[in-house]
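What follows is the content of run00.txt (compact mmCIF, C-alpha atoms).
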# COMPACT_ATOMS: atom_id res chain seq x y z
CA MET W 2 0.00 0.00 0.00
CA ASN W 3 2.77 2.39 0.89
CA SER W 4 4.35 1.68 -2.46
CA LEU W 5 1.16 2.80 -4.27
CA LEU W 6 0.84 6.22 -2.60
CA PRO W 7 3.79 7.89 -4.33
CA LYS W 8 2.50 6.74 -7.75
CA VAL W 9 -0.96 8.16 -7.10
CA ARG W 10 0.52 11.34 -5.75
CA ARG W 11 2.67 11.63 -8.84
CA ALA W 12 -0.35 11.15 -11.14
CA HIS W 13 -2.38 13.66 -9.18
CA MET W 14 0.46 16.15 -9.20
CA LEU W 15 1.02 15.59 -12.88
CA GLY W 16 -2.68 16.21 -13.57
CA ASN W 17 -2.51 19.51 -11.71
CA GLN W 18 0.64 20.42 -13.54
CA LEU W 19 -0.98 19.47 -16.89
CA ARG W 20 -3.97 21.71 -16.30
CA GLY W 21 -1.73 24.55 -15.19
CA HIS W 22 0.52 24.29 -18.21
CA ILE W 23 -2.30 24.11 -20.75
CA SER W 24 -3.79 27.39 -19.55
CA SER W 25 -0.44 29.22 -19.23
CA SER W 26 1.49 31.29 -21.74
CA LEU W 27 3.08 30.05 -24.96
CA HIS W 28 6.43 29.60 -23.25
CA ASP W 29 4.86 27.48 -20.55
CA LYS W 30 3.01 25.42 -23.16
CA PHE W 31 6.28 24.64 -24.85
CA LEU W 32 7.82 23.49 -21.56
CA SER W 33 4.77 21.40 -20.74
CA VAL W 34 4.92 19.63 -24.09
CA ALA W 35 8.61 19.02 -23.69
CA PHE W 36 8.09 17.73 -20.13
CA LEU W 37 5.04 15.63 -20.88
CA GLY W 38 6.81 13.93 -23.74
CA TYR W 39 8.28 11.48 -21.18
CA PHE W 40 4.86 10.10 -20.23
CA HIS W 41 2.52 7.61 -21.84
CA LYS W 42 0.37 8.80 -24.74
CA SER W 43 -2.82 7.89 -22.87
CA TYR W 44 -2.29 10.93 -20.64
CA LEU W 45 -1.86 13.26 -23.67
CA PHE W 46 -4.47 12.21 -26.25
CA HIS W 47 -6.66 15.27 -25.64
CA THR W 48 -3.80 17.81 -25.93
CA SER W 49 -1.95 16.48 -28.96
CA GLY W 50 -5.12 16.59 -31.10
CA LEU W 51 -5.84 20.24 -30.26
CA HIS W 52 -2.39 21.61 -31.07
CA VAL W 53 -1.66 19.64 -34.28
CA ALA W 54 -4.99 19.24 -36.15
CA ARG W 55 -5.96 22.92 -36.39
CA PRO W 56 -2.85 24.25 -38.15
CA SER W 57 -2.93 21.40 -40.64
CA ASN W 58 -6.58 22.14 -41.54
CA LYS W 59 -5.88 25.86 -42.09
CA LYS W 60 -2.91 25.05 -44.28
CA ALA W 61 -5.05 22.71 -46.37
CA GLU W 62 -7.72 25.41 -46.77
CA ARG W 63 -5.16 27.96 -47.86
CA THR W 64 -3.69 25.53 -50.34
CA GLU W 65 -7.14 24.79 -51.80
CA LYS W 66 -7.99 28.48 -52.16
CA SER W 67 -4.65 29.13 -53.82
CA ARG W 68 -5.31 26.31 -56.31
CA GLU W 69 -8.76 27.70 -57.14
CA ALA W 70 -7.39 31.23 -57.65
CA SER W 71 -4.58 29.88 -59.82
CA GLY W 72 -7.09 27.93 -61.92
CA LYS W 73 -9.29 30.99 -62.48
CA LEU W 74 -6.28 33.12 -63.39
CA LEU W 75 -5.04 30.49 -65.81
CA LYS W 76 -8.45 30.27 -67.53
CA LYS W 77 -8.60 34.07 -67.83
CA LEU W 78 -5.08 34.20 -69.23
CA ARG W 79 -5.81 31.53 -71.81
CA LYS W 80 -9.02 33.29 -72.83
CA THR W 81 -7.23 36.63 -73.22
CA ARG W 82 -4.48 35.10 -75.31
CA LEU W 83 -6.95 33.30 -77.56
CA GLU W 84 -9.01 36.48 -78.04
CA GLY W 85 -5.83 38.39 -78.76
CA LEU W 86 -4.90 35.90 -81.44
CA VAL W 87 -8.35 36.08 -83.05
CA ASN W 88 -8.84 39.91 -82.70
CA PRO W 89 -5.40 41.44 -82.21
CA GLU W 90 -5.26 45.10 -81.16
CA PRO W 91 -4.04 47.36 -83.98
CA VAL W 92 -0.62 48.81 -83.49
CA SER W 93 -0.74 52.63 -83.63
CA THR W 94 1.65 54.35 -85.98
CA PRO W 95 3.67 57.37 -84.81
CA GLU W 96 1.36 59.65 -86.82
CA GLU W 97 -1.72 58.22 -85.08
CA LYS W 98 -0.10 58.59 -81.66
CA LEU W 99 0.71 62.23 -82.40
CA THR W 100 -2.89 62.85 -83.53
CA LYS W 101 -4.19 61.42 -80.24
CA ARG W 102 -1.74 63.60 -78.35
CA ILE W 103 -3.01 66.70 -80.17
CA ARG W 104 -6.64 65.88 -79.34
CA LYS W 105 -5.79 65.61 -75.64
CA ILE W 106 -4.69 69.26 -75.45
CA GLN W 107 -7.46 71.17 -73.66
CA SER W 108 -7.03 74.82 -74.77
CA ILE W 109 -6.42 77.02 -77.79
CA LYS W 110 -3.28 78.40 -76.17
CA GLY W 111 -1.91 74.87 -75.64
CA LEU W 112 -2.60 73.91 -79.27
CA LEU W 113 -0.86 77.00 -80.63
CA GLN W 114 2.10 76.48 -78.28
CA PHE W 115 2.36 72.85 -79.40
CA TYR W 116 2.38 73.94 -83.05
CA TRP W 117 5.04 76.60 -82.39
CA PHE W 118 7.18 74.12 -80.45
CA ARG W 119 7.12 71.63 -83.32
CA VAL W 120 7.95 74.32 -85.89
CA ASN W 121 10.69 75.85 -83.74
CA LYS W 122 12.33 72.47 -83.15
CA LYS W 123 12.02 71.68 -86.88
CA ARG W 124 9.87 68.66 -86.17
CA GLU W 125 7.74 68.66 -89.27
CA LEU W 126 4.00 68.14 -88.87
CA THR W 127 2.01 66.38 -91.56
CA PRO W 128 -0.92 68.20 -93.22
CA LEU W 129 -3.29 65.92 -91.27
CA HIS W 130 -1.77 67.05 -87.96
CA LYS W 131 -2.15 70.72 -88.94
CA PHE W 132 -5.76 70.06 -89.92
CA THR W 133 -6.35 68.36 -86.55
CA ILE W 134 -4.92 71.35 -84.67
CA LEU W 135 -7.20 73.67 -86.64
CA GLU W 136 -10.20 71.46 -85.92
CA CYS W 137 -9.53 71.41 -82.17
CA ILE W 138 -9.11 75.21 -82.11
CA VAL W 139 -12.57 75.61 -83.67
CA VAL W 140 -14.09 73.28 -81.07
CA TYR W 141 -12.73 75.32 -78.14
CA PHE W 142 -13.52 78.59 -79.92
CA SER W 143 -17.20 77.62 -80.11
CA LYS W 144 -17.33 76.06 -76.65
CA SER W 145 -15.62 78.62 -74.42
CA VAL W 146 -16.38 82.36 -74.50
CA GLN W 147 -13.27 83.10 -72.43
CA MET W 148 -10.96 81.27 -74.84
CA ARG W 149 -12.63 82.97 -77.78
CA ASP W 150 -12.14 86.47 -76.36
CA VAL W 151 -8.49 85.84 -75.52
CA PHE W 152 -7.87 84.30 -78.94
CA LEU W 153 -9.38 87.28 -80.78
CA THR W 154 -7.66 89.96 -78.70
CA GLN W 155 -4.23 88.59 -77.80
CA PRO W 156 -1.59 89.48 -80.44
CA LEU W 157 0.63 86.47 -79.71
CA GLN W 158 -2.13 83.94 -80.30
CA GLN W 159 -3.22 85.76 -83.45
CA SER W 160 0.31 85.73 -84.86
CA LEU W 161 0.75 82.01 -84.13
CA PHE W 162 -2.64 81.23 -85.65
CA GLU W 163 -1.77 83.25 -88.76
CA MET W 164 1.32 81.07 -89.17
CA LEU W 165 -0.84 77.96 -88.84
CA ALA W 166 -3.43 79.27 -91.32
CA GLN W 167 -0.79 80.08 -93.92
CA ASP W 168 0.77 76.67 -93.37
CA VAL W 169 -2.61 75.02 -93.99
CA ARG W 170 -3.14 77.15 -97.11
CA VAL W 171 0.17 76.00 -98.55
CA HIS W 172 -0.83 72.34 -98.16
CA LEU W 173 -4.37 72.58 -99.61
CA ASN W 174 -3.35 70.28 -102.45
CA ASP W 175 -2.84 67.48 -99.91
CA PHE W 176 -6.44 67.67 -98.67
CA ASP W 177 -9.47 65.95 -100.11
CA ALA W 178 -12.80 67.64 -100.94
CA ASN W 179 -14.32 67.22 -97.45
CA GLN W 180 -11.20 68.50 -95.71
CA ILE W 181 -11.11 71.62 -97.91
CA TYR W 182 -14.80 72.17 -97.14
CA ASN W 183 -14.05 71.95 -93.41
CA VAL W 184 -11.14 74.38 -93.75
CA VAL W 185 -13.48 76.92 -95.39
CA ILE W 186 -15.98 76.61 -92.50
CA TYR W 187 -13.20 76.79 -89.88
CA MET W 188 -11.71 79.96 -91.35
CA ALA W 189 -15.10 81.67 -91.39
CA LYS W 190 -15.82 80.66 -87.79
CA LEU W 191 -12.41 81.88 -86.63
CA CYS W 192 -12.98 85.32 -88.21
CA VAL W 193 -10.24 85.06 -90.84
CA LYS W 194 -10.45 87.93 -93.37
CA ASP W 195 -7.42 87.21 -95.56
CA PRO W 196 -8.43 87.55 -99.27
CA SER W 197 -5.63 85.25 -100.46
CA MET W 198 -6.88 82.52 -98.10
CA TYR W 199 -10.41 82.57 -99.52
CA ALA W 200 -9.12 82.81 -103.10
CA ASP W 201 -7.12 79.60 -102.68
CA LEU W 202 -10.01 77.91 -100.89
CA GLU W 203 -12.33 78.90 -103.75
CA ARG W 204 -9.99 77.31 -106.28
CA GLY W 205 -9.80 74.16 -104.17
CA ILE W 206 -13.59 73.87 -103.88
CA LEU W 207 -14.13 74.44 -107.61
CA TYR W 208 -11.40 71.94 -108.47
CA HIS W 209 -13.22 69.14 -106.66
CA LYS W 210 -16.61 70.18 -108.17
CA LEU W 211 -19.74 71.00 -106.18
CA ARG W 212 -21.55 67.92 -107.39
CA GLY W 213 -20.02 65.80 -104.65
CA TYR W 214 -21.27 68.00 -101.78
CA SER W 215 -24.55 67.54 -99.93
CA ASN W 216 -27.31 70.14 -99.72
CA LYS W 217 -26.19 71.16 -96.23
CA GLN W 218 -22.59 71.54 -97.35
CA LEU W 219 -23.66 73.79 -100.23
CA SER W 220 -25.56 76.08 -97.86
CA GLN W 221 -22.62 76.18 -95.42
CA LEU W 222 -20.19 77.01 -98.21
CA GLY W 223 -22.37 79.96 -99.22
CA TRP W 224 -22.46 81.15 -95.59
CA ALA W 225 -18.69 80.87 -95.16
CA PHE W 226 -17.80 82.78 -98.34
CA ALA W 227 -20.46 85.45 -97.72
CA LYS W 228 -19.58 86.14 -94.06
CA TYR W 229 -16.58 88.33 -94.91
CA CYS W 230 -17.48 89.15 -98.49
CA LEU W 231 -16.43 92.79 -97.98
CA HIS W 232 -12.85 91.63 -97.40
CA THR W 233 -12.73 88.91 -100.06
CA ASN W 234 -13.14 88.90 -103.80
CA VAL W 235 -14.75 85.56 -104.57
CA VAL W 236 -17.39 85.61 -107.30
CA GLU W 237 -16.95 82.36 -109.18
CA ILE W 238 -18.03 80.26 -106.21
CA PHE W 239 -21.44 81.97 -106.09
CA HIS W 240 -21.99 81.43 -109.80
CA ALA W 241 -21.16 77.76 -109.31
CA LEU W 242 -23.42 77.52 -106.23
CA ASP W 243 -26.30 79.17 -108.10
CA LYS W 244 -25.96 76.72 -110.95
CA GLU W 245 -25.60 73.67 -108.69
CA ILE W 246 -28.49 74.57 -106.34
CA PHE W 247 -31.04 75.00 -109.12
CA SER W 248 -29.84 71.87 -110.87
CA ARG W 249 -31.19 69.97 -107.85
CA ASP W 250 -34.70 69.61 -106.50
CA ILE W 251 -35.20 72.61 -104.17
CA SER W 252 -37.93 70.80 -102.23
CA LYS W 253 -35.25 68.40 -100.97
CA PHE W 254 -33.48 71.25 -99.13
CA SER W 255 -34.42 71.78 -95.48
CA SER W 256 -35.84 75.08 -94.23
CA GLU W 257 -32.57 75.96 -92.45
CA GLU W 258 -30.58 75.29 -95.62
CA LEU W 259 -32.86 77.45 -97.77
CA CYS W 260 -32.73 80.35 -95.29
CA THR W 261 -28.94 80.10 -95.10
CA ILE W 262 -28.68 80.14 -98.91
CA ALA W 263 -30.97 83.17 -99.14
CA TRP W 264 -28.95 85.02 -96.50
CA SER W 265 -25.63 84.16 -98.18
CA PHE W 266 -26.63 85.40 -101.63
CA SER W 267 -28.28 88.56 -100.27
CA GLU W 268 -25.24 89.33 -98.09
CA PHE W 269 -22.95 88.95 -101.06
CA GLY W 270 -25.30 90.86 -103.36
CA PHE W 271 -25.69 88.07 -105.89
CA PRO W 272 -27.66 87.44 -108.04
CA LYS W 273 -29.32 90.57 -109.26
CA ASP W 274 -32.28 88.85 -110.91
CA ARG W 275 -35.63 88.51 -109.15
CA GLN W 276 -36.19 84.85 -110.02
CA PHE W 277 -33.68 83.55 -107.50
CA TYR W 278 -35.36 85.11 -104.44
CA LYS W 279 -38.82 84.35 -105.77
CA ALA W 280 -38.01 80.66 -106.19
CA ILE W 281 -36.37 80.35 -102.77
CA GLY W 282 -39.09 82.39 -101.02
CA SER W 283 -41.93 80.44 -102.63
CA GLU W 284 -40.46 77.19 -101.40
CA ILE W 285 -39.85 78.53 -97.87
CA LEU W 286 -43.42 79.80 -97.50
CA THR W 287 -44.77 76.33 -98.23
CA ARG W 288 -43.18 75.18 -94.94
CA ASP W 289 -44.64 75.45 -91.43
CA LEU W 290 -43.02 78.55 -89.91
CA SER W 291 -44.06 77.52 -86.39
CA GLN W 292 -41.33 74.85 -86.61
CA PHE W 293 -38.67 77.36 -87.62
CA LYS W 294 -35.89 78.09 -85.16
CA PRO W 295 -35.35 81.72 -84.04
CA TRP W 296 -32.15 82.18 -86.05
CA THR W 297 -33.92 80.81 -89.15
CA LEU W 298 -36.64 83.47 -88.97
CA ALA W 299 -34.01 86.15 -88.38
CA SER W 300 -31.92 85.02 -91.37
CA LEU W 301 -34.99 84.86 -93.61
CA SER W 302 -36.10 88.37 -92.63
CA LEU W 303 -32.64 89.88 -93.01
CA SER W 304 -32.05 88.29 -96.43
CA TYR W 305 -35.35 89.53 -97.89
CA SER W 306 -34.90 93.00 -96.41
CA ARG W 307 -32.17 93.42 -99.06
CA ALA W 308 -33.98 91.62 -101.87
CA ASP W 309 -36.07 93.17 -104.63
CA ALA W 310 -38.62 90.38 -105.03
CA PHE W 311 -41.12 88.57 -102.83
CA VAL W 312 -40.52 90.98 -99.95
CA ALA W 313 -44.11 91.74 -98.94
CA GLU W 314 -45.16 88.08 -98.95
CA VAL W 315 -42.25 86.97 -96.77
CA PHE W 316 -42.60 89.71 -94.16
CA GLU W 317 -46.34 89.26 -93.92
CA VAL W 318 -45.94 85.58 -93.03
CA VAL W 319 -43.03 86.20 -90.64
CA GLU W 320 -44.94 88.96 -88.84
CA GLU W 321 -47.95 86.71 -88.40
CA GLU W 322 -45.76 83.98 -86.96
CA LEU W 323 -44.03 86.33 -84.50
CA LEU W 324 -47.33 87.70 -83.21
CA GLN W 325 -48.72 84.20 -82.72
CA ARG W 326 -45.87 83.14 -80.44
CA ASP W 327 -46.42 83.64 -76.72
CA ASP W 328 -43.08 85.34 -76.11
CA LEU W 329 -39.69 85.77 -77.71
CA LYS W 330 -37.54 84.61 -74.79
CA SER W 331 -36.11 81.78 -76.87
CA PHE W 332 -34.69 84.30 -79.37
CA ALA W 333 -31.06 85.27 -78.91
CA THR W 334 -30.22 88.96 -78.59
CA ASN W 335 -28.59 88.95 -82.02
CA ASP W 336 -31.75 87.46 -83.57
CA LEU W 337 -33.96 90.11 -81.97
CA VAL W 338 -31.76 92.95 -83.22
CA ILE W 339 -31.74 91.44 -86.72
CA LEU W 340 -35.54 91.17 -86.76
CA VAL W 341 -35.95 94.80 -85.66
CA LEU W 342 -33.43 95.85 -88.30
CA ALA W 343 -35.11 93.83 -91.07
CA PHE W 344 -38.62 95.12 -90.31
CA GLY W 345 -37.24 98.65 -89.98
CA ARG W 346 -35.57 98.46 -93.39
CA VAL W 347 -38.80 97.57 -95.21
CA GLY W 348 -40.91 99.96 -93.13
CA LYS W 349 -43.12 97.31 -91.52
CA LEU W 350 -42.20 97.90 -87.87
CA HIS W 351 -45.54 98.93 -86.34
CA PRO W 352 -46.12 99.61 -82.58
CA GLU W 353 -47.66 96.23 -81.76
CA LEU W 354 -44.74 94.28 -83.21
CA PHE W 355 -42.12 96.62 -81.76
CA GLN W 356 -43.65 96.32 -78.29
CA LYS W 357 -43.32 92.54 -78.50
CA PHE W 358 -39.65 92.94 -79.37
CA GLU W 359 -39.01 95.55 -76.68
CA VAL W 360 -40.49 93.49 -73.82
CA THR W 361 -37.72 90.93 -74.31
CA MET W 362 -34.92 93.23 -75.46
CA VAL W 363 -34.96 95.52 -72.41
CA LYS W 364 -33.99 92.54 -70.23
CA ARG W 365 -30.88 91.71 -72.24
CA ARG W 366 -27.41 92.97 -71.30
CA ASP W 367 -25.24 91.19 -73.85
CA TYR W 368 -25.53 93.52 -76.83
CA ALA W 369 -21.85 94.39 -76.95
CA GLU W 370 -20.74 90.73 -76.75
CA THR W 371 -23.23 88.90 -78.99
CA VAL W 372 -24.47 91.39 -81.61
CA VAL W 373 -22.53 92.54 -84.67
CA ARG W 374 -21.63 96.18 -84.21
CA GLU W 375 -22.69 97.12 -87.74
CA TYR W 376 -26.17 95.74 -87.04
CA LEU W 377 -26.35 97.71 -83.80
CA GLN W 378 -25.37 100.94 -85.50
CA GLU W 379 -27.86 100.52 -88.33
CA THR W 380 -30.65 99.52 -85.92
CA TYR W 381 -29.91 102.55 -83.74
CA HIS W 382 -30.08 104.97 -86.68
CA LEU W 383 -33.31 103.41 -87.98
CA LEU W 384 -35.02 103.62 -84.59
CA LYS W 385 -33.68 107.11 -83.93
CA LYS W 386 -35.40 108.38 -87.08
CA SER W 387 -38.65 106.48 -86.43
CA GLU W 388 -41.57 106.99 -84.08
CA PHE W 389 -39.77 104.79 -81.52
CA HIS W 390 -36.90 107.22 -80.95
CA LEU W 391 -37.82 107.55 -77.23
CA ALA W 392 -37.93 103.81 -76.56
CA VAL W 393 -35.81 102.26 -73.82
CA VAL W 394 -34.10 99.97 -76.31
CA VAL W 395 -32.79 102.93 -78.26
CA LYS W 396 -31.09 104.29 -75.16
CA MET W 397 -29.62 100.90 -74.28
CA ILE W 398 -28.13 100.51 -77.76
CA GLU W 399 -26.80 104.07 -77.59
CA ARG W 400 -25.06 103.28 -74.33
CA VAL W 401 -23.42 100.23 -75.91
CA LEU W 402 -22.21 102.20 -78.93
CA ASP W 403 -21.09 105.17 -76.83
CA PRO W 404 -20.54 104.17 -73.17
CA ASP W 405 -19.70 107.73 -72.08
CA VAL W 406 -22.92 109.31 -73.28
CA CYS W 407 -25.07 110.86 -70.54
CA ASN W 408 -27.54 113.39 -71.87
CA SER W 409 -30.85 112.68 -70.15
CA LEU W 410 -32.52 111.81 -66.89
CA PHE W 411 -32.78 108.26 -68.19
CA ASP W 412 -29.03 107.73 -67.74
CA ILE W 413 -29.15 108.89 -64.13
CA LEU W 414 -32.08 106.61 -63.25
CA PHE W 415 -31.26 103.57 -65.35
CA ARG W 416 -27.57 102.95 -64.74
CA PRO W 417 -27.76 102.32 -60.95
CA ARG W 418 -30.40 99.64 -61.54
CA ARG W 419 -27.79 97.12 -62.62
CA SER W 420 -27.39 95.02 -59.52
CA TRP W 421 -24.12 93.51 -58.36
CA LYS W 422 -25.40 90.03 -59.24
CA GLU W 423 -25.85 91.04 -62.84
CA LYS W 424 -22.38 92.55 -62.96
CA VAL W 425 -20.81 89.39 -61.55
CA LEU W 426 -22.72 87.23 -64.03
CA HIS W 427 -21.74 89.52 -66.87
CA GLN W 428 -18.06 89.29 -65.94
CA TYR W 429 -18.27 85.51 -65.52
CA LEU W 430 -19.79 84.99 -68.96
CA PHE W 431 -17.84 87.45 -71.09
CA LYS W 432 -14.56 88.30 -69.38
CA ALA W 433 -11.38 86.23 -69.57
CA TYR W 434 -9.16 86.00 -66.52

Please express the file's structure as structure tokens.
Amino acid sequence: MNSLLPKVRRAHMLGNQLRGHISSSLHDKFLSVAFLGYFHKSYLFHTSGLHVARPSNKKAERTEKSREASGKLLKKLRKTRLEGLVNPEPVSTPEEKLTKRIRKIQSIKGLLQFYWFRVNKKRELTPLHKFTILECIVVYFSKSVQMRDVFLTQPLQQSLFEMLAQDVRVHLNDFDANQIYNVVIYMAKLCVKDPSMYADLERGILYHKLRGYSNKQLSQLGWAFAKYCLHTNVVEIFHALDKEIFSRDISKFSSEELCTIAWSFSEFGFPKDRQFYKAIGSEILTRDLSQFKPWTLASLSLSYSRADAFVAEVFEVVEEELLQRDDLKSFATNDLVILVLAFGRVGKLHPELFQKFEVTMVKRRDYAETVVREYLQETYHLLKKSEFHLAVVVKMIERVLDPDVCNSLFDILFRPRRSWKEKVLHQYLFKAY
């Protein structure tokens, strides 16, 4: 019996030690495992399973996840390679890369600096690259008022653009018919008044024949060559346009195209015969004028205010349409001034119609920025000599033409009414910083 007591005590003590070691720190666990390794496995079955099985299961899970991810990646890689073999991506040439680089430039100033850098470093640009630069300049010119004002007033940008324009003019023989057509439109939009430029463009257009152009392109060509007709001497293009337009079915032309053609020929002063305006006007009056856009009505009225035929019929229909509309808020300021000018020229500006114009015009403050100065001057002189010489609009136009004028009580009462909000909005829209 005495010989059994130490063994029991040892087992009891070992059990207490085992429980103490299992719940102790990592260092104590290591010592307990090392110490308990001398005893029979029946004492340790519950501890060996806990410390060995868990890490092995986690490792197996990680291995399985890694295999699945590798399989998915391999499938994707094989699919990409097979698709690449069937539909390979085209390799861009250096010219295509340079074209993409040009289109990423976000300002007129950046485009002109890029062009000057290439010329200064004697890195020759192809005609296509010069055409792309010109195209991007027109996009920003039409999109941003600030860029447009800086471009038109800054001498450095004008000198660089003149170099680009002359460079494009030299390479007109490298352009096709559509590219020459686009160059004509771009030059007119960018306010180019060089006679030699339009003379070369006229020769290029006539060389490729007008038969290949659409109805819209014919009307736009007439607009572009007539915009600065006082500075250019192009006559042959209008003879060719006259012949080509009437060789086609006029009913196939849209209302906007017919009004643009009428404006172009009247602005240029060609032709002198009455049949042209009668044919165009007869076709326009068969259309529904309620669907006409504001600028279309303005162009139609202005063109027939200079014509010698079909004047009364056109203005009667236009007047009826204007009076039927609820208001003229959708009309731009330039369109309103043109309508007043056109009706004033033919002597059909009666009080009812003028009052409808004036209600909208007195709320506009963008005369100096959006209206052609020649139109403003002529409108002012017509109204000054008419029964509407005391109208508010007359004084507003006078202030635009002569900002320093102050000769009535109207100036003292009207000028302080421009609130600070309007001034801030005016500067935001039309000033470049």

Neighbours of segment 179-183 of chain W within 12 Å (all atoms listed in the file; same-chain residues fewer than 2 positions away dropped), as a count of residues only? 48

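Between atom CA of Glu163 of chain W and atom CA of Lys101 of chain W lies a distance of 23.6 Å.
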
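Put simply, atom CA of Cys230 of chain W is 17.9 Å away from atom CA of Cys260 of chain W.
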
Take the point (-1.1, 79.1, -87.3) in the file's coordinates, draw a sphere of radius 12 Å around it, and report as an NGL selection string every protein, DNA or RNA residue with an atom inside or on it, counting all atoms listed in the file. :W and (109-110 or 112-120 or 131-136 or 138 or 152 or 157-171 or 188 or 191 or 193)

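For the choices W:Leu402, W:Val347, W:Val393, W:Val140, the atom-to-atom distance to Arg104 of chain W is smallest for W:Val140 when using all atoms listed in the file.
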
Using all atoms listed in the file, which residues sit within 12 Å of Ser255 of chain W once same-chain residues fewer than 3 positions away are excluded, as a ChimeraX atom specification? /W:215-220,250-252,258-262,281,284-285,287-289,292-293,297

Segment 205-210 of chain W rebuilt with all heavy atoms, output as a PDB file, in the frame of the given file:
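out-v2.pdb was written with the following content:
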ATOM      1  N   GLY W 205      -9.751  75.546-104.604  1.00  0.00           N
ATOM      2  CA  GLY W 205      -9.800  74.160-104.170  1.00  0.00           C
ATOM      3  C   GLY W 205     -11.195  73.571-104.226  1.00  0.00           C
ATOM      4  O   GLY W 205     -11.380  72.418-104.634  1.00  0.00           O
ATOM      5  N   ILE W 206     -12.205  74.353-103.834  1.00  0.00           N
ATOM      6  CA  ILE W 206     -13.590  73.870-103.880  1.00  0.00           C
ATOM      7  C   ILE W 206     -14.020  73.633-105.324  1.00  0.00           C
ATOM      8  O   ILE W 206     -14.637  72.603-105.655  1.00  0.00           O
ATOM      9  CB  ILE W 206     -14.522  74.873-103.186  1.00  0.00           C
ATOM     10  CG1 ILE W 206     -14.243  74.917-101.676  1.00  0.00           C
ATOM     11  CG2 ILE W 206     -15.993  74.519-103.445  1.00  0.00           C
ATOM     12  CD1 ILE W 206     -14.607  73.663-100.933  1.00  0.00           C
ATOM     13  N   LEU W 207     -13.720  74.577-106.202  1.00  0.00           N
ATOM     14  CA  LEU W 207     -14.130  74.440-107.610  1.00  0.00           C
ATOM     15  C   LEU W 207     -13.370  73.316-108.310  1.00  0.00           C
ATOM     16  O   LEU W 207     -13.895  72.713-109.262  1.00  0.00           O
ATOM     17  CB  LEU W 207     -13.913  75.759-108.339  1.00  0.00           C
ATOM     18  CG  LEU W 207     -14.791  76.933-107.861  1.00  0.00           C
ATOM     19  CD1 LEU W 207     -14.433  78.208-108.613  1.00  0.00           C
ATOM     20  CD2 LEU W 207     -16.265  76.603-108.025  1.00  0.00           C
ATOM     21  N   TYR W 208     -12.157  73.040-107.864  1.00  0.00           N
ATOM     22  CA  TYR W 208     -11.400  71.940-108.470  1.00  0.00           C
ATOM     23  C   TYR W 208     -12.058  70.593-108.212  1.00  0.00           C
ATOM     24  O   TYR W 208     -12.085  69.723-109.080  1.00  0.00           O
ATOM     25  CB  TYR W 208      -9.965  71.957-107.929  1.00  0.00           C
ATOM     26  CG  TYR W 208      -9.133  70.784-108.379  1.00  0.00           C
ATOM     27  CD1 TYR W 208      -8.574  70.753-109.651  1.00  0.00           C
ATOM     28  CD2 TYR W 208      -8.903  69.691-107.531  1.00  0.00           C
ATOM     29  CE1 TYR W 208      -7.810  69.668-110.078  1.00  0.00           C
ATOM     30  CE2 TYR W 208      -8.148  68.610-107.936  1.00  0.00           C
ATOM     31  CZ  TYR W 208      -7.602  68.599-109.208  1.00  0.00           C
ATOM     32  OH  TYR W 208      -6.862  67.524-109.627  1.00  0.00           O
ATOM     33  N   HIS W 209     -12.585  70.412-107.012  1.00  0.00           N
ATOM     34  CA  HIS W 209     -13.220  69.140-106.660  1.00  0.00           C
ATOM     35  C   HIS W 209     -14.696  69.069-107.079  1.00  0.00           C
ATOM     36  O   HIS W 209     -15.348  68.061-106.828  1.00  0.00           O
ATOM     37  CB  HIS W 209     -13.136  68.921-105.142  1.00  0.00           C
ATOM     38  CG  HIS W 209     -11.745  68.614-104.678  1.00  0.00           C
ATOM     39  ND1 HIS W 209     -11.160  67.375-104.840  1.00  0.00           N
ATOM     40  CD2 HIS W 209     -10.824  69.389-104.050  1.00  0.00           C
ATOM     41  CE1 HIS W 209      -9.934  67.395-104.328  1.00  0.00           C
ATOM     42  NE2 HIS W 209      -9.707  68.599-103.844  1.00  0.00           N
ATOM     43  N   LYS W 210     -15.225  70.135-107.678  1.00  0.00           N
ATOM     44  CA  LYS W 210     -16.610  70.180-108.170  1.00  0.00           C
ATOM     45  C   LYS W 210     -17.609  70.172-107.006  1.00  0.00           C
ATOM     46  O   LYS W 210     -17.411  69.533-105.973  1.00  0.00           O
ATOM     47  CB  LYS W 210     -16.910  69.013-109.109  1.00  0.00           C
ATOM     48  CG  LYS W 210     -15.931  68.835-110.254  1.00  0.00           C
ATOM     49  CD  LYS W 210     -15.945  70.024-111.190  1.00  0.00           C
ATOM     50  CE  LYS W 210     -14.973  69.816-112.356  1.00  0.00           C
ATOM     51  NZ  LYS W 210     -14.927  71.007-113.255  1.00  0.00           N
TER      52      LYS W 210
END
